[in-house]
Every structure is written in structure tokens, then in C-alpha cells.
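Reproduced below: protein_11.cif, with mmCIF, C-alpha atoms.
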data_input
loop_
_atom_site.label_atom_id
_atom_site.label_comp_id
_atom_site.auth_asym_id
_atom_site.auth_seq_id
_atom_site.Cartn_x
_atom_site.Cartn_y
_atom_site.Cartn_z
CA MET A 1 59.48 32.21 77.50
CA ALA A 2 57.38 34.25 79.90
CA ALA A 3 59.34 35.71 82.81
CA THR A 4 57.00 33.97 85.21
CA SER A 5 57.81 30.48 83.91
CA PRO A 6 58.66 28.29 86.93
CA LEU A 7 62.06 27.15 85.60
CA SER A 8 63.08 30.29 83.75
CA GLY A 9 66.87 30.56 83.89
CA VAL A 10 67.48 26.85 84.57
CA ARG A 11 69.85 25.18 82.11
CA VAL A 12 69.42 21.50 81.26
CA LEU A 13 71.72 19.22 79.27
CA ASP A 14 69.86 16.24 77.81
CA LEU A 15 72.19 13.34 76.98
CA SER A 16 69.37 10.81 76.86
CA ARG A 17 67.63 9.03 74.03
CA VAL A 18 64.38 7.34 73.01
CA LEU A 19 61.68 7.97 75.64
CA ALA A 20 62.13 8.22 79.43
CA GLY A 21 65.07 10.63 79.47
CA PRO A 22 63.89 12.82 76.58
CA LEU A 23 60.44 13.08 78.20
CA CYS A 24 62.03 14.08 81.52
CA ALA A 25 64.00 16.86 79.82
CA ALA A 26 60.99 17.95 77.75
CA LEU A 27 58.88 18.30 80.89
CA LEU A 28 61.54 20.57 82.40
CA GLY A 29 61.58 22.54 79.16
CA ASP A 30 57.80 22.89 79.27
CA LEU A 31 58.26 24.67 82.61
CA GLY A 32 60.68 27.19 81.13
CA ALA A 33 64.09 25.51 81.39
CA ASP A 34 66.58 26.04 78.56
CA VAL A 35 67.17 22.47 77.33
CA THR A 36 70.06 21.51 75.06
CA LYS A 37 69.91 18.01 73.61
CA VAL A 38 73.30 16.38 72.99
CA GLU A 39 73.41 13.69 70.28
CA MET A 40 76.03 11.62 68.51
CA PRO A 41 77.14 13.12 65.16
CA GLY A 42 75.71 11.35 62.14
CA THR A 43 73.27 9.03 63.89
CA GLY A 44 71.67 11.00 66.69
CA ASP A 45 68.97 9.70 69.02
CA ASP A 46 67.75 6.22 68.02
CA SER A 47 64.19 7.49 67.98
CA ARG A 48 64.92 9.74 64.99
CA HIS A 49 64.55 6.53 63.00
CA PHE A 50 61.19 5.49 64.51
CA ALA A 51 58.16 5.50 62.19
CA PRO A 52 56.02 7.23 61.19
CA HIS A 53 57.98 10.01 59.54
CA VAL A 54 56.74 13.38 58.29
CA LYS A 55 58.92 14.55 55.41
CA GLY A 56 61.71 12.40 56.81
CA GLU A 57 61.33 13.54 60.43
CA SER A 58 60.11 11.07 63.09
CA SER A 59 56.83 12.14 64.70
CA TYR A 60 57.88 10.12 67.79
CA PHE A 61 61.13 12.07 68.13
CA MET A 62 59.45 15.40 67.49
CA LEU A 63 56.84 14.85 70.23
CA LEU A 64 59.43 13.91 72.87
CA ASN A 65 62.03 16.54 72.04
CA ARG A 66 59.83 19.59 71.70
CA GLY A 67 61.29 22.95 72.64
CA LYS A 68 64.94 21.85 72.83
CA ARG A 69 68.07 23.11 71.13
CA GLY A 70 70.09 20.37 69.48
CA ILE A 71 73.85 19.91 69.26
CA THR A 72 76.12 17.02 68.29
CA LEU A 73 79.10 15.87 70.35
CA ASN A 74 81.08 12.68 70.00
CA LEU A 75 81.42 11.77 73.67
CA LYS A 76 83.73 8.89 72.79
CA SER A 77 86.38 11.44 71.79
CA GLU A 78 88.49 13.33 74.27
CA GLN A 79 87.64 16.66 72.63
CA GLY A 80 83.93 15.87 72.74
CA ARG A 81 84.09 15.10 76.45
CA GLU A 82 86.06 18.30 77.06
CA LEU A 83 83.37 20.34 75.32
CA LEU A 84 80.68 18.65 77.42
CA HIS A 85 82.62 19.40 80.61
CA ARG A 86 82.74 23.05 79.59
CA LEU A 87 78.98 23.08 79.03
CA VAL A 88 78.45 21.39 82.40
CA ARG A 89 80.14 24.29 84.21
CA ASP A 90 77.09 26.49 83.62
CA ALA A 91 74.42 23.77 83.67
CA ASP A 92 71.90 23.16 86.44
CA VAL A 93 70.60 19.73 85.44
CA LEU A 94 71.96 16.87 83.32
CA VAL A 95 69.68 14.02 82.22
CA GLU A 96 71.07 10.67 81.02
CA ASN A 97 69.66 7.18 80.52
CA PHE A 98 72.70 5.11 79.62
CA ARG A 99 73.01 1.65 81.11
CA PRO A 100 74.78 1.91 84.50
CA GLY A 101 78.54 1.88 84.02
CA VAL A 102 78.59 3.47 80.56
CA THR A 103 78.95 7.06 81.78
CA ALA A 104 81.90 6.09 83.99
CA ARG A 105 83.66 4.52 81.00
CA LEU A 106 83.04 7.69 79.02
CA GLY A 107 84.24 9.95 81.83
CA ILE A 108 80.90 11.74 82.14
CA ASP A 109 79.56 10.05 85.27
CA GLN A 110 78.07 11.97 88.18
CA GLU A 111 81.21 11.88 90.32
CA THR A 112 83.38 13.21 87.50
CA LEU A 113 80.96 15.99 86.53
CA ALA A 114 80.32 16.96 90.16
CA ALA A 115 84.02 17.85 90.32
CA VAL A 116 83.48 20.12 87.31
CA ASN A 117 80.29 21.68 88.74
CA PRO A 118 79.37 20.81 92.35
CA ARG A 119 75.94 22.45 91.88
CA LEU A 120 74.96 20.11 89.06
CA VAL A 121 71.82 17.99 89.54
CA TYR A 122 72.60 14.74 87.71
CA VAL A 123 69.52 12.68 86.78
CA SER A 124 70.08 9.03 85.83
CA ILE A 125 67.14 7.03 84.45
CA SER A 126 67.66 3.32 83.90
CA GLY A 127 65.70 0.10 83.87
CA PHE A 128 66.72 -1.22 87.28
CA GLY A 129 68.53 1.68 88.97
CA GLN A 130 72.18 2.39 89.69
CA THR A 131 72.45 -0.24 92.45
CA GLY A 132 71.19 -3.77 93.04
CA PRO A 133 71.84 -7.16 91.45
CA LEU A 134 69.87 -6.31 88.29
CA ALA A 135 71.39 -2.85 87.74
CA HIS A 136 73.57 -4.07 84.86
CA ARG A 137 70.64 -5.28 82.77
CA PRO A 138 69.36 -3.38 79.73
CA ALA A 139 65.65 -2.68 79.89
CA TYR A 140 62.77 -1.95 77.58
CA ASP A 141 59.26 -1.05 78.59
CA HIS A 142 57.93 -4.54 77.80
CA ILE A 143 60.43 -6.09 80.21
CA ILE A 144 59.69 -3.58 82.95
CA GLN A 145 55.92 -4.05 82.64
CA ALA A 146 56.45 -7.81 82.84
CA MET A 147 58.65 -7.64 85.93
CA GLY A 148 56.94 -4.68 87.60
CA GLY A 149 53.68 -6.46 88.39
CA ILE A 150 51.45 -4.36 86.16
CA MET A 151 51.09 -7.00 83.43
CA SER A 152 49.98 -9.57 86.00
CA LEU A 153 47.09 -7.24 86.94
CA THR A 154 46.06 -6.22 83.42
CA GLY A 155 43.59 -8.17 81.29
CA TRP A 156 40.83 -10.67 81.95
CA PRO A 157 41.06 -13.78 84.15
CA ASP A 158 41.35 -16.06 81.13
CA SER A 159 43.44 -13.76 78.91
CA GLY A 160 46.87 -14.14 80.46
CA PRO A 161 49.02 -11.17 81.56
CA THR A 162 48.54 -8.19 79.24
CA ARG A 163 50.75 -5.22 78.46
CA VAL A 164 49.26 -1.80 79.19
CA GLY A 165 48.61 -0.16 75.83
CA GLU A 166 51.31 2.49 76.21
CA SER A 167 54.98 2.56 77.26
CA ILE A 168 53.97 3.31 80.82
CA GLY A 169 57.29 2.23 82.33
CA ASP A 170 59.20 4.77 80.27
CA VAL A 171 56.61 7.50 80.71
CA VAL A 172 56.34 7.27 84.49
CA ALA A 173 60.13 7.07 84.86
CA GLY A 174 60.44 10.26 82.80
CA MET A 175 57.87 11.95 85.03
CA TYR A 176 59.67 10.81 88.18
CA GLY A 177 62.93 12.04 86.68
CA ALA A 178 61.49 15.54 86.32
CA TYR A 179 60.01 15.30 89.82
CA GLY A 180 63.39 14.26 91.21
CA ALA A 181 65.20 17.05 89.36
CA LEU A 182 62.84 19.66 90.80
CA ALA A 183 63.26 18.31 94.33
CA ALA A 184 67.05 18.25 93.96
CA LEU A 185 67.06 21.83 92.66
CA ARG A 186 65.04 22.90 95.69
CA GLN A 187 67.46 21.07 97.99
CA ARG A 188 70.36 22.79 96.22
CA ASP A 189 68.79 26.13 97.11
CA VAL A 190 69.33 25.16 100.75
CA THR A 191 72.65 23.30 100.63
CA GLY A 192 74.35 24.90 97.64
CA VAL A 193 75.26 21.44 96.34
CA GLY A 194 73.67 19.40 93.57
CA GLY A 195 73.43 15.62 93.70
CA HIS A 196 72.56 12.38 91.95
CA VAL A 197 68.92 11.50 91.23
CA ASP A 198 68.59 7.75 90.58
CA VAL A 199 65.33 6.77 88.85
CA ALA A 200 64.60 3.11 88.02
CA MET A 201 61.83 2.19 85.63
CA LEU A 202 61.09 -0.94 87.68
CA ASP A 203 60.71 1.08 90.90
CA SER A 204 58.56 3.61 89.08
CA VAL A 205 56.08 1.02 87.78
CA LEU A 206 55.85 -0.76 91.12
CA SER A 207 55.05 2.55 92.81
CA LEU A 208 51.95 2.88 90.61
CA LEU A 209 50.31 -0.26 91.99
CA VAL A 210 48.64 1.49 94.91
CA VAL A 211 45.39 -0.48 95.14
CA ALA A 212 47.11 -3.81 94.52
CA LEU A 213 49.73 -3.05 97.16
CA ALA A 214 47.01 -2.15 99.67
CA GLN A 215 45.43 -5.56 99.06
CA LEU A 216 48.70 -7.46 99.33
CA THR A 217 49.97 -5.70 102.45
CA GLY A 218 46.54 -5.37 104.06
CA ASP A 219 45.33 -8.94 104.19
CA GLY A 220 47.74 -10.90 102.03
CA THR A 221 45.39 -11.07 99.05
CA GLU A 222 47.30 -11.73 95.84
CA PRO A 223 45.85 -9.29 93.27
CA ASP A 224 44.81 -10.83 89.97
CA ARG A 225 43.38 -9.85 86.59
CA ILE A 226 39.74 -8.79 86.76
CA GLY A 227 39.18 -7.01 83.45
CA ASN A 228 37.65 -3.55 83.74
CA ARG A 229 36.22 -4.16 87.19
CA HIS A 230 37.62 -2.39 90.25
CA PRO A 231 39.10 -4.79 92.84
CA VAL A 232 37.53 -3.07 95.86
CA SER A 233 34.41 -1.12 94.84
CA ALA A 234 31.29 -2.03 92.84
CA PRO A 235 29.69 -1.27 90.54
CA MET A 236 32.83 0.18 88.97
CA ASP A 237 33.15 -1.40 85.56
CA SER A 238 32.28 -1.10 81.88
CA PHE A 239 28.76 -2.09 80.82
CA PRO A 240 27.38 -2.76 77.31
CA ALA A 241 25.04 -0.22 75.75
CA ARG A 242 23.25 -0.36 72.41
CA ASP A 243 26.12 1.31 70.56
CA GLY A 244 29.17 0.87 72.76
CA GLN A 245 30.28 0.70 76.37
CA VAL A 246 29.41 2.82 79.41
CA VAL A 247 31.78 3.05 82.38
CA LEU A 248 30.29 3.51 85.85
CA ALA A 249 32.21 4.50 88.97
CA VAL A 250 30.04 3.99 92.05
CA ALA A 251 32.28 3.93 95.11
CA ASN A 252 29.96 4.61 98.06
CA ASP A 253 26.46 4.04 99.37
CA ALA A 254 25.14 7.48 98.45
CA LEU A 255 26.12 7.03 94.81
CA PHE A 256 24.64 3.54 94.79
CA ALA A 257 21.33 4.94 96.04
CA ARG A 258 21.31 7.46 93.17
CA LEU A 259 22.08 4.70 90.69
CA CYS A 260 19.26 2.53 91.97
CA ALA A 261 16.79 5.41 91.77
CA GLU A 262 17.77 6.41 88.22
CA THR A 263 17.73 2.84 86.88
CA GLY A 264 14.36 2.05 88.46
CA MET A 265 15.68 -0.54 90.89
CA PRO A 266 15.17 1.01 94.37
CA GLU A 267 14.59 -2.45 95.82
CA LEU A 268 18.32 -3.16 95.52
CA LEU A 269 18.91 -0.88 98.49
CA ASP A 270 17.18 -3.45 100.71
CA ASP A 271 19.04 -6.42 99.26
CA PRO A 272 21.67 -7.62 101.79
CA ARG A 273 23.97 -8.62 98.92
CA PHE A 274 24.34 -4.94 98.01
CA ALA A 275 24.10 -3.30 101.43
CA THR A 276 27.69 -2.05 101.51
CA ASP A 277 30.48 -1.40 99.06
CA ALA A 278 32.31 -4.49 100.28
CA GLN A 279 29.19 -6.63 99.82
CA ARG A 280 28.61 -5.21 96.36
CA ALA A 281 32.19 -6.10 95.42
CA ARG A 282 31.66 -9.69 96.63
CA HIS A 283 28.46 -9.98 94.58
CA HIS A 284 29.65 -7.99 91.60
CA ALA A 285 28.53 -10.60 89.05
CA GLU A 286 24.87 -10.54 90.20
CA LEU A 287 24.90 -6.75 90.37
CA ARG A 288 26.48 -6.45 86.95
CA ALA A 289 23.72 -8.54 85.36
CA LEU A 290 21.07 -6.25 86.82
CA ILE A 291 22.77 -3.06 85.63
CA GLU A 292 23.35 -4.50 82.16
CA GLY A 293 19.60 -4.94 81.85
CA TRP A 294 19.32 -1.16 82.03
CA THR A 295 22.36 -0.10 79.96
CA ARG A 296 21.70 -2.52 77.07
CA ASP A 297 18.43 -0.73 76.25
CA ARG A 298 20.11 2.67 75.87
CA THR A 299 22.74 4.34 73.75
CA VAL A 300 25.98 5.42 75.36
CA ASP A 301 25.01 9.10 75.17
CA GLU A 302 21.59 8.46 76.67
CA ALA A 303 22.92 6.34 79.53
CA VAL A 304 25.75 8.74 80.35
CA GLY A 305 23.44 11.77 80.12
CA ARG A 306 20.85 10.31 82.48
CA LEU A 307 23.43 9.09 84.99
CA GLU A 308 25.27 12.40 84.94
CA ALA A 309 22.02 14.27 85.56
CA ALA A 310 21.36 11.95 88.51
CA GLY A 311 24.82 12.65 89.97
CA VAL A 312 26.25 9.21 89.17
CA PRO A 313 29.83 9.25 87.75
CA ALA A 314 29.71 7.73 84.25
CA GLY A 315 31.41 8.16 80.94
CA PRO A 316 31.94 6.73 77.46
CA ILE A 317 35.07 4.90 76.34
CA TRP A 318 36.84 7.26 73.99
CA SER A 319 39.53 6.41 71.48
CA LEU A 320 42.59 8.66 71.40
CA ARG A 321 41.15 10.50 68.40
CA GLU A 322 37.78 10.96 70.13
CA ALA A 323 39.46 12.30 73.27
CA LEU A 324 41.61 14.77 71.34
CA ASP A 325 38.62 15.88 69.23
CA SER A 326 36.42 16.46 72.27
CA GLU A 327 35.40 20.02 73.05
CA HIS A 328 36.80 19.65 76.56
CA ILE A 329 40.36 18.72 75.52
CA ARG A 330 40.35 21.36 72.79
CA LYS A 331 39.35 23.94 75.40
CA ARG A 332 42.16 22.78 77.70
CA GLY A 333 44.65 23.30 74.88
CA LEU A 334 46.58 20.11 75.58
CA LEU A 335 47.50 19.40 71.96
CA ASP A 336 49.02 22.25 70.01
CA THR A 337 51.17 22.68 66.92
CA ALA A 338 54.62 24.07 66.22
CA HIS A 339 56.36 24.88 62.96
CA HIS A 340 59.21 22.47 62.27
CA PRO A 341 61.83 23.63 59.72
CA VAL A 342 61.45 20.42 57.67
CA ALA A 343 58.20 18.72 58.66
CA GLY A 344 56.12 21.90 58.72
CA GLU A 345 53.22 22.12 61.18
CA VAL A 346 53.60 19.26 63.68
CA ALA A 347 51.67 18.21 66.78
CA VAL A 348 53.07 19.18 70.17
CA MET A 349 51.64 17.77 73.42
CA ARG A 350 51.89 20.32 76.22
CA GLN A 351 52.57 19.19 79.78
CA PRO A 352 49.16 19.08 81.51
CA VAL A 353 49.77 21.13 84.68
CA ARG A 354 48.37 24.67 84.63
CA PHE A 355 49.86 27.53 86.68
CA SER A 356 47.81 30.57 87.59
CA GLU A 357 50.74 32.97 87.31
CA THR A 358 52.25 31.60 84.09
CA VAL A 359 51.23 32.33 80.53
CA PRO A 360 52.13 29.24 78.45
CA PRO A 361 54.53 30.21 75.65
CA ALA A 362 53.97 29.30 72.05
CA PRO A 363 55.29 25.76 71.58
CA SER A 364 58.54 25.30 69.70
CA PRO A 365 59.57 22.23 67.67
CA ALA A 366 62.19 19.55 68.20
CA PRO A 367 65.60 20.34 66.72
CA LEU A 368 67.13 18.93 63.60
CA LEU A 369 70.22 16.82 64.27
CA GLY A 370 72.92 19.27 65.32
CA GLN A 371 70.79 22.28 64.39
CA HIS A 372 72.15 24.52 67.14
CA THR A 373 75.71 23.20 67.45
CA ASP A 374 77.39 26.30 66.06
CA GLU A 375 75.10 28.61 68.03
CA VAL A 376 75.82 26.88 71.36
CA LEU A 377 79.56 26.44 70.85
CA THR A 378 79.91 30.05 69.78
CA GLY A 379 77.51 31.69 72.21
CA GLU A 380 78.22 29.62 75.32
CA LEU A 381 81.82 28.44 74.86
CA GLY A 382 83.20 31.26 72.74
CA LEU A 383 84.56 29.06 69.95
CA SER A 384 85.44 30.70 66.64
CA PRO A 385 84.05 29.56 63.27
CA GLU A 386 87.49 28.18 62.43
CA GLN A 387 87.62 26.12 65.65
CA ILE A 388 84.14 24.76 64.99
CA ALA A 389 85.07 23.85 61.44
CA GLY A 390 88.12 22.00 62.72
CA LEU A 391 86.07 20.03 65.24
CA ARG A 392 83.58 19.10 62.54
CA ALA A 393 86.35 17.90 60.23
CA LEU A 394 87.61 15.61 63.04
CA GLY A 395 84.13 14.15 63.68
CA VAL A 396 83.94 15.64 67.18
CA ILE A 397 80.70 17.48 66.36
#
Have the structure of the file written as C-alpha cells, please.
Amino acid sequence: MAATSPLSGVRVLDLSRVLAGPLCAALLGDLGADVTKVEMPGTGDDSRHFAPHVKGESSYFMLLNRGKRGITLNLKSEQGRELLHRLVRDADVLVENFRPGVTARLGIDQETLAAVNPRLVYVSISGFGQTGPLAHRPAYDHIIQAMGGIMSLTGWPDSGPTRVGESIGDVVAGMYGAYGALAALRQRDVTGVGGHVDVAMLDSVLSLLVVALAQLTGDGTEPDRIGNRHPVSAPMDSFPARDGQVVLAVANDALFARLCAETGMPELLDDPRFATDAQRARHHAELRALIEGWTRDRTVDEAVGRLEAAGVPAGPIWSLREALDSEHIRKRGLLDTAHHPVAGEVAVMRQPVRFSETVPPAPSPAPLLGQHTDEVLTGELGLSPEQIAGLRALGVI
């Protein structure tokens, strides 16, 4: 890792599994932190069993656990907990996403570990948070999207509530977990004391609904499903072309004037229905029909090219493959590869923030189950090969 990496020297223990917690720890690792993933002997993270697999290794697991060392500890055993406590003494951050109450039963809760290391930043990610009447509930992304308001806003008026096509509740909670860890580390620089970062998936999803919240708190309007249209500005929607769909984003009068000029409809500027952004939003259906008359006669590339040249924000709708294959994303270097000891060359998604003073390191792969157990227990805790063999025989590691 380059010496200029923002989190160089920070040690992270990742006790989490599946998505939100592992993503949080991976993001910290992307910034230079030394991340050690702790898994149960024999079974490991549930996501190791998620399809598809490459030579027996889950592509899902490998994406979310990039760049980590991997050890196994049976935290249900007294010896396993003791080993974790010893690792905590030199750790800066611990990430966990157990259901609230589980860590206390295991003796690895924030209060217990703060007594071991008062400087520890303890990040808890859960469905509903550590407090509140729903805190005890288990949560999956589907449930959080349903309860977090985002499904009620997604889809078409006659389609019924629709799940966003990615596990957005898990992803945003993982991002907020990393954000919270960084803020707590900065606060520790001032106070000398770590603390507990409580991230709820439900809170995280609700915090994304900025435009909908502005409507609800501004004039009491209950936001609803409106397809690809923007609830406030128009024309901001997808429009049919000869060979696909074109997305326009016209959010002010100046852009609307450029659109009218390029599409050969300057008379729309004098139409009171379209005089302001608010008026255009009210009459979006009439305006949409007029714009469709222009886009339907052109290919996506032709429409986007002409609008871009005219200074009107427009773009095609890309699939994931098309986005990753685009010259722009390739130039940005977002998707890279790493050599996995079993799966071979595997895809690694880099975190997207670029730092002027940091040279991104070559990506490293996710660990095999327990791959670095001996290395960590020997190098960091000073255990002998005989002691490690004894722990393995007892099922502690």
C-alpha cells in the first residue's frame, strides 16, 4: 500500500457477513486500512455459498471481501473470544452486523471491548439500529426497501411498489458505516477515546429520499410512483427513439430554450403551459408527446449526439455490461482484476473516490477461509505452531 494512502496504519477487524458490513470494511481497506476478516471455522461467511461460483469460490464473496486477510475464530468458545480480545487491543476499528443483542451474549459487545481497548471505534450495522421498538427484528434488503419508503416511490403508477434493482439498503448502510468509522476516528484524534457507531439500514434508506422528503415536508404532498419522470422538473424522463430510449434532464429555463431550438419547436417558449419549470412539470404529459415526436425519428446515438452538441443533458440507457465496456469507465479504472489463489483472475470493483496525492495500489483478492489464521496468530499474538495446532484440534480456529 502506498505510504500516502489515507488510512495507512489503521487496523480493522471485520466480524460481519454477507453485504453491508463486509462492504463497509472493504471500503476502509480500499483506503489503505489493514483489514482482517474473522469467520467461523468450517462454514465461514454465509455469502461464500452464494452463486455464481468460479472454481468453487463465490464471485459475490470475492467482490465484497477484496483486499482482506482472513482468519477463523469460533467466537462461541471462550478461547476464541480471548483471542479476539487480544486482537482488539491493537485494533482501531471493529465492524459487526449481528442482530442487536447477539454480541452481548457472545461477550464481544461494544461495552466489553471498550474495556479492552478504549480507543476502539466499534461499528454496528443492523436492519433497524441498536435502539427502538423494531431493533430486535432481523432484516434483509427486501424488507428494508419495503419499509423505508423507496419501494413506494419506485415503478409506474399502475405497477405497484417496485424493488430497486440492487440491494440498495445494504449498500448504503455499508457506505454510511465507513463514513461513520472515519468520523469516529477523526473524533478519536481529538478526544483519545473511540466510540460506538450505530448504523441502521432503515435510517440509511430513508435518508436517501431527499426529493420525496422535500415534497412531503414542504407542502404535504404524498410522493407517489411516476415511472422515469422527475417529480419536480420537466422534461426529465426517458423518451423512445428508433432503437432504444433517450434520457433527457432539462431542469431550468435556459436548458429548455436550447431543447426547443434543437428540436425545431421554438414556439414552445411562448406557450404558457411550458413557461416555467413548475408549469412544465404540471403539463408533463403534453410536453412529453411533443418531444417524443422528435426522438422517435432518430436513433439513440443521433438524438444524444445532437442534444449534447446543443448543450442539453442527455444520455442513453446502458446495461451494466455496456457501462463497464464503455471507454469512459475503462479510462476511470473502476473495474480491475486480482489474482485469487483458487479462482484465478477475478473482477475487483475499486471504490470510486480518487485522491490527488494517492497512487491506487494493485488490487488484492478476497481470502480463502482461514487463509491467514496462522500468519495473524503468529505475527500479531506471538502464538507458537504447537499452540496453533492445539487450537485447531479443539475447533477454536
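With distances taken over all atoms listed in the file, A:Thr358 is the one residue among A:Ser326, A:Thr358, A:Thr373, A:Thr72 lying closest to Ser5 of chain A.
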Problem - Who sits within 7 Å of segment 86-95 of chain A, only C-alpha atoms, same chain under 3 positions skipped, as a list of chain:residue names - result: A:Val10, A:Arg11, A:Val12, A:Leu13, A:Asp14, A:Leu15, A:Ser16, A:Gly21, A:Ala25, A:Glu82, A:Leu83, A:Val116, A:Asn117, A:Arg119, A:Leu120, A:Val121, A:Tyr122, A:Val123, A:Ser124
Go through segment 205-287 of chain A and flag each residue having an atom no more than 12 Å from segment 159-162 of chain A; for those, report the closest pair of atoms plus their distance in Å to one decimal, using all atoms listed in the file, ordered by chain and rising number, as JSON lines.
{"residue": "A:Asp224", "atom": "CA", "partner": "A:Pro161", "partner_atom": "CA", "distance": 9.4}
{"residue": "A:Arg225", "atom": "CA", "partner": "A:Pro161", "partner_atom": "CA", "distance": 7.7}
{"residue": "A:Ile226", "atom": "CA", "partner": "A:Ser159", "partner_atom": "CA", "distance": 10.0}
{"residue": "A:Gly227", "atom": "CA", "partner": "A:Ser159", "partner_atom": "CA", "distance": 9.2}
Output file for the selection above: C-alpha atoms, as a PDB file, keeping the file's coordinate frame:
ATOM      1  CA  ASP A 224      44.810 -10.830  89.970  1.00  0.00           C
ATOM      2  CA  ARG A 225      43.380  -9.850  86.590  1.00  0.00           C
ATOM      3  CA  ILE A 226      39.740  -8.790  86.760  1.00  0.00           C
ATOM      4  CA  GLY A 227      39.180  -7.010  83.450  1.00  0.00           C
TER       5      GLY A 227
END
Exercise for the section: Taking the file above as input, evaluate the PyMOL selection byres ((chain A and resi 205-218) around 12) and report the hits as a PyMOL selection string. Expected result: chain A and resi 127-128+141-154+164+167-176+199-204+219-226+230-233
Handout entry: Nearest-residue call for Gln79 of chain A, choices A:Val396, A:Ala104, A:Ala251, A:Leu290, using all atoms listed in the file
Key = A:Val396
Practice task
Provide the atom CA of Gly165 of chain A to atom CA of Lys68 of chain A distance in Å, to one decimal place.
Solution key: 27.6 Å
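For the choices A:Val304, A:Ala234, A:Leu248, A:Val35, the atom-to-atom distance to Gln279 of chain A is smallest for A:Ala234 when using only C-alpha atoms.
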Handout entry: Residue members of the PyMOL selection byres ((chain A and resi 137) around 9) in the file shown, as a PyMOL selection string
Key = chain A and resi 99-100+127-128+133-136+138-139
Find the smallest box with edges along x, y and z containing every listed atom of segment 96-102 of chain A, then add 5 Å on each side and report centre and edge lengths in Å to one decimal, as JSON.
{"center_x": 74.1, "center_y": 6.2, "center_z": 82.1, "size_x": 18.9, "size_y": 19.0, "size_z": 14.9}
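A straight line drawn from atom CA of Pro360 of chain A to atom CA of Gly333 of chain A is 10.2 Å long.
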Problem - Shell of 9 Å around Leu287 of chain A, all atoms listed in the file, local chain residues under 4 positions omitted, as a ChimeraX atom specification - result: /A:234-235,273-274,280-281,283,291-292
Take the residues from that selection and write them out as a short mmCIF file (atom, residue, chain, number, x, y, z; two decimals), in the frame of the given file, keeping C-alpha atoms.
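Produced file selection.cif, reproduced below:
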data_model
loop_
_atom_site.label_atom_id
_atom_site.label_comp_id
_atom_site.auth_asym_id
_atom_site.auth_seq_id
_atom_site.Cartn_x
_atom_site.Cartn_y
_atom_site.Cartn_z
CA ALA A 234 31.29 -2.03 92.84
CA PRO A 235 29.69 -1.27 90.54
CA ARG A 273 23.97 -8.62 98.92
CA PHE A 274 24.34 -4.94 98.01
CA ARG A 280 28.61 -5.21 96.36
CA ALA A 281 32.19 -6.10 95.42
CA HIS A 283 28.46 -9.98 94.58
CA ILE A 291 22.77 -3.06 85.63
CA GLU A 292 23.35 -4.50 82.16
#
Handout entry: Test item: which residues lie within 8 Å of (79.3, 17.4, 72.8) counting only C-alpha atoms, as number ranges by chain
Key = A: 38-40, 71-75, 80-81, 83-84, 396-397
Problem - Output of the PyMOL selection byres ((chain A and resi 297) around 12), listed as number ranges by chain - result: A: 239-246, 263, 291-296, 298-303
Problem - Residue nearest Thr276 of chain A - candidates A:Asp158, A:Gly42, A:Arg258, A:Asn252, atoms counted: all atoms listed in the file - result: A:Asn252
Practice task
Please indicate the distance in Å from atom CA of Gln371 of chain A to atom CA of Asn97 of chain A, rounded to one decimal place.
Solution key: 22.1 Å
Handout entry: From A:Ile329, A:Val353, A:Leu7, A:Ala254, residue lying nearest Arg186 of chain A [only C-alpha atoms]
Key = A:Leu7
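Of the listed residues (A:Thr36, A:Ser238, A:Ser8, A:Asn65), A:Thr36 comes nearest to Val376 of chain A; the distances count all atoms listed in the file.
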Practice task
Would you mind listing what lies within 9 Å of Gly344 of chain A as a PyMOL selection string, with only C-alpha atoms counted and same-chain residues fewer than 5 positions away left out?
Solution key: chain A and resi 54-55+338-339
